[in-house]
$ cat upload_25.cif   # mmCIF, C-alpha atoms
data_final
loop_
_atom_site.group_PDB
_atom_site.id
_atom_site.type_symbol
_atom_site.label_atom_id
_atom_site.label_comp_id
_atom_site.auth_asym_id
_atom_site.auth_seq_id
_atom_site.Cartn_x
_atom_site.Cartn_y
_atom_site.Cartn_z
ATOM 1 C CA MET X 56 207.802 83.750 145.408
ATOM 2 C CA MET X 57 204.262 84.284 144.112
ATOM 3 C CA GLN X 58 202.176 81.127 144.337
ATOM 4 C CA PRO X 59 199.651 80.289 141.602
ATOM 5 C CA ILE X 60 196.051 81.350 142.285
ATOM 6 C CA ALA X 61 194.657 77.843 141.739
ATOM 7 C CA PRO X 62 197.303 75.572 140.263
ATOM 8 C CA ARG X 63 195.128 72.611 139.282
ATOM 9 C CA PHE X 64 193.003 74.329 136.624
ATOM 10 C CA PRO X 65 193.622 77.148 134.155
ATOM 11 C CA VAL X 66 192.820 80.622 135.430
ATOM 12 C CA PRO X 67 191.607 82.803 132.552
ATOM 13 C CA SER X 68 192.887 86.314 132.074
ATOM 14 C CA VAL X 69 190.410 89.055 132.914
ATOM 15 C CA GLU X 70 190.612 90.340 129.342
ATOM 16 C CA ALA X 71 189.538 86.960 127.935
ATOM 17 C CA LEU X 72 186.371 86.695 130.038
ATOM 18 C CA PRO X 73 182.815 87.349 128.848
ATOM 19 C CA GLU X 74 181.891 91.009 129.260
ATOM 20 C CA ASP X 75 179.455 90.548 132.172
ATOM 21 C CA ILE X 76 181.999 88.571 134.193
ATOM 22 C CA ARG X 77 184.822 90.950 133.335
ATOM 23 C CA GLU X 78 182.671 93.893 134.467
ATOM 24 C CA ARG X 79 181.884 92.182 137.776
ATOM 25 C CA LEU X 80 185.550 91.435 138.442
ATOM 26 C CA LEU X 81 186.592 94.987 137.646
ATOM 27 C CA ALA X 82 183.839 96.374 139.900
ATOM 28 C CA VAL X 83 185.056 94.154 142.763
ATOM 29 C CA GLN X 84 188.621 95.269 142.094
ATOM 30 C CA GLU X 85 187.604 98.928 142.173
ATOM 31 C CA LYS X 86 185.757 98.483 145.474
ATOM 32 C CA SER X 87 188.303 96.328 147.298
ATOM 33 C CA GLY X 88 191.558 97.150 145.533
ATOM 34 C CA PHE X 89 192.094 93.590 144.260
ATOM 35 C CA ILE X 90 190.248 90.703 142.622
ATOM 36 C CA PRO X 91 189.628 87.852 145.062
ATOM 37 C CA ASN X 92 191.066 84.623 143.711
ATOM 38 C CA VAL X 93 187.699 82.859 143.937
ATOM 39 C CA PHE X 94 186.396 85.098 141.141
ATOM 40 C CA LEU X 95 189.348 84.340 138.891
ATOM 41 C CA THR X 96 189.290 80.607 139.637
ATOM 42 C CA LEU X 97 185.566 80.098 139.085
ATOM 43 C CA ALA X 98 185.654 82.181 135.892
ATOM 44 C CA PHE X 99 187.188 79.077 134.267
ATOM 45 C CA ARG X 100 183.554 77.949 133.836
ATOM 46 C CA PRO X 101 181.517 81.107 133.001
ATOM 47 C CA ASP X 102 178.012 79.596 133.242
ATOM 48 C CA GLU X 103 178.793 78.072 136.623
ATOM 49 C CA PHE X 104 180.433 81.325 137.739
ATOM 50 C CA ARG X 105 177.182 83.173 137.033
ATOM 51 C CA ALA X 106 175.061 80.583 138.857
ATOM 52 C CA PHE X 107 177.440 80.422 141.818
ATOM 53 C CA PHE X 108 177.532 84.161 142.367
ATOM 54 C CA ALA X 109 173.807 84.598 141.791
ATOM 55 C CA TYR X 110 173.123 82.137 144.613
ATOM 56 C CA HIS X 111 175.922 83.593 146.749
ATOM 57 C CA ASP X 112 174.449 87.074 146.419
ATOM 58 C CA ALA X 113 170.906 85.849 147.118
ATOM 59 C CA LEU X 114 172.094 84.248 150.377
ATOM 60 C CA MET X 115 174.702 86.691 151.613
ATOM 61 C CA ASP X 116 173.510 90.141 150.553
ATOM 62 C CA LYS X 117 169.925 90.019 151.803
ATOM 63 C CA ASP X 118 168.335 91.586 154.818
ATOM 64 C CA GLY X 119 166.500 89.482 157.357
ATOM 65 C CA GLY X 120 166.688 88.055 160.841
ATOM 66 C CA ILE X 121 170.335 87.082 160.391
ATOM 67 C CA SER X 122 172.768 89.974 160.075
ATOM 68 C CA LYS X 123 175.422 90.060 157.376
ATOM 69 C CA ALA X 124 178.062 89.541 160.075
ATOM 70 C CA GLU X 125 176.205 86.468 161.356
ATOM 71 C CA ARG X 126 176.031 85.101 157.828
ATOM 72 C CA GLU X 127 179.821 85.404 157.673
ATOM 73 C CA MET X 128 180.092 83.638 161.050
ATOM 74 C CA ILE X 129 178.323 80.658 159.475
ATOM 75 C CA VAL X 130 180.773 80.665 156.575
ATOM 76 C CA VAL X 131 183.859 80.900 158.798
ATOM 77 C CA ALA X 132 182.759 78.197 161.256
ATOM 78 C CA THR X 133 181.668 75.682 158.616
ATOM 79 C CA SER X 134 184.657 76.432 156.374
ATOM 80 C CA ALA X 135 187.011 75.769 159.283
ATOM 81 C CA ALA X 136 185.294 72.421 159.867
ATOM 82 C CA ASN X 137 185.663 71.661 156.143
ATOM 83 C CA GLN X 138 189.348 72.659 156.290
ATOM 84 C CA CYS X 139 188.948 75.289 153.597
ATOM 85 C CA GLN X 140 191.836 77.689 153.989
ATOM 86 C CA TYR X 141 190.606 80.041 151.270
ATOM 87 C CA CYS X 142 187.141 80.539 152.756
ATOM 88 C CA VAL X 143 188.344 80.841 156.353
ATOM 89 C CA ILE X 144 190.840 83.542 155.371
ATOM 90 C CA ALA X 145 188.615 85.413 152.888
ATOM 91 C CA HIS X 146 185.386 85.269 154.884
ATOM 92 C CA GLY X 147 187.270 85.827 158.123
ATOM 93 C CA ALA X 148 188.343 89.165 156.665
ATOM 94 C CA ILE X 149 184.769 90.003 155.691
ATOM 95 C CA LEU X 150 183.540 88.954 159.147
ATOM 96 C CA ARG X 151 186.077 91.185 160.897
ATOM 97 C CA ILE X 152 184.834 94.130 158.835
ATOM 98 C CA ARG X 153 181.111 93.398 159.142
ATOM 99 C CA ALA X 154 181.287 92.621 162.878
ATOM 100 C CA LYS X 155 183.662 95.538 163.472
ATOM 101 C CA ASN X 156 185.587 93.137 165.678
ATOM 102 C CA PRO X 157 189.140 92.024 164.804
ATOM 103 C CA LEU X 158 188.987 89.040 167.192
ATOM 104 C CA VAL X 159 185.745 87.266 166.409
ATOM 105 C CA ALA X 160 186.744 85.700 163.084
ATOM 106 C CA ASP X 161 189.832 84.049 164.527
ATOM 107 C CA GLN X 162 187.877 82.842 167.546
ATOM 108 C CA ILE X 163 185.158 81.328 165.368
ATOM 109 C CA ALA X 164 187.669 79.747 162.982
ATOM 110 C CA VAL X 165 189.463 78.011 165.843
ATOM 111 C CA ASN X 166 186.481 77.043 168.032
ATOM 112 C CA TYR X 167 183.179 78.904 167.789
ATOM 113 C CA ARG X 168 182.046 77.275 171.047
ATOM 114 C CA LYS X 169 184.617 79.384 172.928
ATOM 115 C CA ALA X 170 184.183 82.548 170.858
ATOM 116 C CA ASP X 171 182.857 85.811 172.273
ATOM 117 C CA ILE X 172 179.417 85.433 170.698
ATOM 118 C CA THR X 173 175.870 85.454 172.032
ATOM 119 C CA PRO X 174 173.938 82.292 172.993
ATOM 120 C CA ARG X 175 171.688 83.015 169.971
ATOM 121 C CA GLN X 176 174.704 83.035 167.645
ATOM 122 C CA ARG X 177 176.024 79.843 169.250
ATOM 123 C CA ALA X 178 172.685 78.105 168.596
ATOM 124 C CA MET X 179 172.842 79.348 164.995
ATOM 125 C CA LEU X 180 176.361 77.964 164.552
ATOM 126 C CA ASP X 181 175.487 74.652 166.246
ATOM 127 C CA PHE X 182 172.761 74.152 163.639
ATOM 128 C CA ALA X 183 174.987 75.364 160.782
ATOM 129 C CA MET X 184 177.689 72.911 161.774
ATOM 130 C CA LYS X 185 175.229 70.024 161.914
ATOM 131 C CA VAL X 186 173.980 70.911 158.433
ATOM 132 C CA SER X 187 177.567 71.194 157.195
ATOM 133 C CA GLN X 188 178.912 68.023 158.772
ATOM 134 C CA GLN X 189 175.934 65.718 159.433
ATOM 135 C CA ALA X 190 172.913 66.948 157.494
ATOM 136 C CA HIS X 191 171.536 63.409 157.380
ATOM 137 C CA LEU X 192 171.117 63.579 161.181
ATOM 138 C CA VAL X 193 169.134 66.840 161.271
ATOM 139 C CA SER X 194 165.830 66.181 163.019
ATOM 140 C CA ASP X 195 162.829 68.133 164.259
ATOM 141 C CA ALA X 196 164.582 68.457 167.630
ATOM 142 C CA ASP X 197 167.290 70.614 166.029
ATOM 143 C CA PHE X 198 164.733 73.325 165.287
ATOM 144 C CA ALA X 199 163.621 73.906 168.902
ATOM 145 C CA PRO X 200 166.744 75.778 170.081
ATOM 146 C CA LEU X 201 166.577 78.004 166.998
ATOM 147 C CA SER X 202 162.913 78.821 167.574
ATOM 148 C CA ALA X 203 163.659 79.501 171.254
ATOM 149 C CA HIS X 204 166.181 82.137 170.137
ATOM 150 C CA GLY X 205 163.663 83.800 167.837
ATOM 151 C CA PHE X 206 164.833 82.467 164.481
ATOM 152 C CA SER X 207 162.008 82.385 161.925
ATOM 153 C CA ASP X 208 161.493 79.634 159.351
ATOM 154 C CA ASP X 209 163.154 81.915 156.780
ATOM 155 C CA ASP X 210 166.141 82.438 159.084
ATOM 156 C CA ILE X 211 166.513 78.680 159.655
ATOM 157 C CA TRP X 212 166.346 78.102 155.901
ATOM 158 C CA ASP X 213 169.070 80.740 155.437
ATOM 159 C CA ILE X 214 171.320 79.091 158.030
ATOM 160 C CA ALA X 215 170.939 75.728 156.284
ATOM 161 C CA ALA X 216 171.339 77.176 152.784
ATOM 162 C CA ILE X 217 174.486 79.126 153.686
ATOM 163 C CA SER X 218 175.979 76.017 155.283
ATOM 164 C CA ALA X 219 175.133 73.873 152.265
ATOM 165 C CA PHE X 220 176.242 76.439 149.690
ATOM 166 C CA PHE X 221 179.603 76.952 151.349
ATOM 167 C CA ALA X 222 180.136 73.201 151.591
ATOM 168 C CA LEU X 223 180.165 73.349 147.777
ATOM 169 C CA SER X 224 182.440 76.380 147.813
ATOM 170 C CA ASN X 225 184.806 74.764 150.347
ATOM 171 C CA ARG X 226 185.133 71.644 148.284
ATOM 172 C CA MET X 227 185.816 73.497 145.038
ATOM 173 C CA ALA X 228 188.387 75.720 146.760
ATOM 174 C CA ASN X 229 190.122 72.628 148.124
ATOM 175 C CA VAL X 230 189.986 70.739 144.824
ATOM 176 C CA THR X 231 191.442 73.675 142.898
ATOM 177 C CA ALA X 232 194.025 74.364 145.652
ATOM 178 C CA MET X 233 192.788 77.961 145.638
ATOM 179 C CA ARG X 234 195.160 80.304 147.415
ATOM 180 C CA PRO X 235 193.820 83.156 149.572
ATOM 181 C CA ASN X 236 194.815 86.606 148.379
ATOM 182 C CA ASP X 237 197.504 88.166 150.584
ATOM 183 C CA GLU X 238 195.280 91.237 151.016
ATOM 184 C CA PHE X 239 192.759 89.273 153.092
ATOM 185 C CA TYR X 240 195.147 88.621 155.967
ATOM 186 C CA LEU X 241 195.226 92.195 157.290
ATOM 187 C CA MET X 242 191.730 93.313 156.353
ATOM 188 C CA GLY X 243 189.715 94.370 159.381
ATOM 189 C CA ARG X 244 192.566 93.763 161.801
ATOM 190 C CA LEU X 245 193.903 97.296 161.985
ATOM 191 C CA PRO X 246 192.023 100.593 162.132
ATOM 192 C CA LYS X 247 191.909 102.462 158.852
ATOM 193 C CA THR X 248 194.279 105.415 158.759
#

$ encode --input "upload_25.cif" --output "structure tokens"
Amino acid sequence: MMQPIAPRFPVPSVEALPEDIRERLLAVQEKSGFIPNVFLTLAFRPDEFRAFFAYHDALMDKDGGISKAEREMIVVATSAANQCQYCVIAHGAILRIRAKNPLVADQIAVNYRKADITPRQRAMLDFAMKVSQQAHLVSDADFAPLSAHGFSDDDIWDIAAISAFFALSNRMANVTAMRPNDEFYLMGRLPKT
């Protein structure tokens, strides 16, 4: 039985969306073979959709001292702590692809402290988790381990911003009861044939 994408709010049809949003969804569908449910769910509010994805793209698609795979590690670890099934499944798939490692996403989702990651990545995730779960307790002392691992001020800002942005995303996914697309579950787990 097919479950609703996000049963608590109306999900607009692609055809009924503003042209710019419709074009983005169709481009994503062409690239990945499906439209991730987050796009369809957030399209319920077009202005917020545009703002959400503009900030998402600014954080996740940039170059810098944090690789795209490491950015996904932040999303998976903090989303697991926030109990966001959609983001753990969807970004776990992206992490498996970007890291070229079918194990790392599951390890990070369960317990990043035991995952096969570098000490630098562990320091990054320690800070990300503090921002995600206890931002009010972040102090100057939290910056020293990051600096010791070579993170720049821009990198530290990115870690915090990704953690904070996905706290919003996690909460909206949970409130809407957003269901992960079935396609995400196998992505990056098996070699392409």

$ residues_around --input "upload_25.cif" --residues "Gln140 (chain X)" --least-positions-apart "3" --cutoff "12 Å" --atoms "all atoms listed in the file" --output "VMD selection string"
chain X and resid 130 to 137 143 to 147 164 224 to 236 239 to 240

$ residues_around --input "upload_25.cif" --residues "Asp210 (chain X)" --least-positions-apart "3" --cutoff "9 Å" --atoms "all atoms listed in the file" --output "tab-separated table (two decimals) with C-alpha atoms, keeping the file's coordinate frame"
chain	number	residue	atom	x	y	z
X	119	GLY	CA	166.50	89.48	157.36
X	120	GLY	CA	166.69	88.06	160.84
X	121	ILE	CA	170.34	87.08	160.39
X	206	PHE	CA	164.83	82.47	164.48
X	207	SER	CA	162.01	82.38	161.93
X	213	ASP	CA	169.07	80.74	155.44
X	214	ILE	CA	171.32	79.09	158.03
X	215	ALA	CA	170.94	75.73	156.28

$ resolve_selection --input "upload_25.cif" --expression "the PyMOL selection byres ((chain X and resi 57-72) around 12)" --output "ChimeraX atom specification"
/X:56,73-81,84,90-102,104,141,227-237

$ resolve_selection --input "upload_25.cif" --expression "the PyMOL selection byres ((chain X and resi 190-205) around 10)" --output "PDB file with C-alpha atoms, in the coordinates of the input"
ATOM      1  CA  GLY X 120     166.688  88.055 160.841  1.00  0.00           C
ATOM      2  CA  PRO X 174     173.938  82.292 172.993  1.00  0.00           C
ATOM      3  CA  ARG X 175     171.688  83.015 169.971  1.00  0.00           C
ATOM      4  CA  GLN X 176     174.704  83.035 167.645  1.00  0.00           C
ATOM      5  CA  ARG X 177     176.024  79.843 169.250  1.00  0.00           C
ATOM      6  CA  ALA X 178     172.685  78.105 168.596  1.00  0.00           C
ATOM      7  CA  MET X 179     172.842  79.348 164.995  1.00  0.00           C
ATOM      8  CA  ASP X 181     175.487  74.652 166.246  1.00  0.00           C
ATOM      9  CA  PHE X 182     172.761  74.152 163.639  1.00  0.00           C
ATOM     10  CA  ALA X 183     174.987  75.364 160.782  1.00  0.00           C
ATOM     11  CA  MET X 184     177.689  72.911 161.774  1.00  0.00           C
ATOM     12  CA  LYS X 185     175.229  70.024 161.914  1.00  0.00           C
ATOM     13  CA  VAL X 186     173.980  70.911 158.433  1.00  0.00           C
ATOM     14  CA  SER X 187     177.567  71.194 157.195  1.00  0.00           C
ATOM     15  CA  GLN X 188     178.912  68.023 158.772  1.00  0.00           C
ATOM     16  CA  GLN X 189     175.934  65.718 159.433  1.00  0.00           C
ATOM     17  CA  PHE X 206     164.833  82.467 164.481  1.00  0.00           C
ATOM     18  CA  SER X 207     162.008  82.385 161.925  1.00  0.00           C
ATOM     19  CA  ASP X 208     161.493  79.634 159.351  1.00  0.00           C
ATOM     20  CA  ASP X 210     166.141  82.438 159.084  1.00  0.00           C
ATOM     21  CA  ILE X 211     166.513  78.680 159.655  1.00  0.00           C
ATOM     22  CA  ALA X 215     170.939  75.728 156.284  1.00  0.00           C
ATOM     23  CA  SER X 218     175.979  76.017 155.283  1.00  0.00           C
ATOM     24  CA  ALA X 219     175.133  73.873 152.265  1.00  0.00           C
TER      25      ALA X 219
END

$ atom_distance --input "upload_25.cif" --atom1 "CA of Asp116 (chain X)" --atom2 "CA of Ile163 (chain X)"
20.8 Å

$ resolve_selection --input "upload_25.cif" --expression "the PyMOL selection byres ((chain X and resi 111) around 12)" --output "PyMOL selection string"
chain X and resi 94+103-110+112-117+126-127+130+213+216-221+223-224
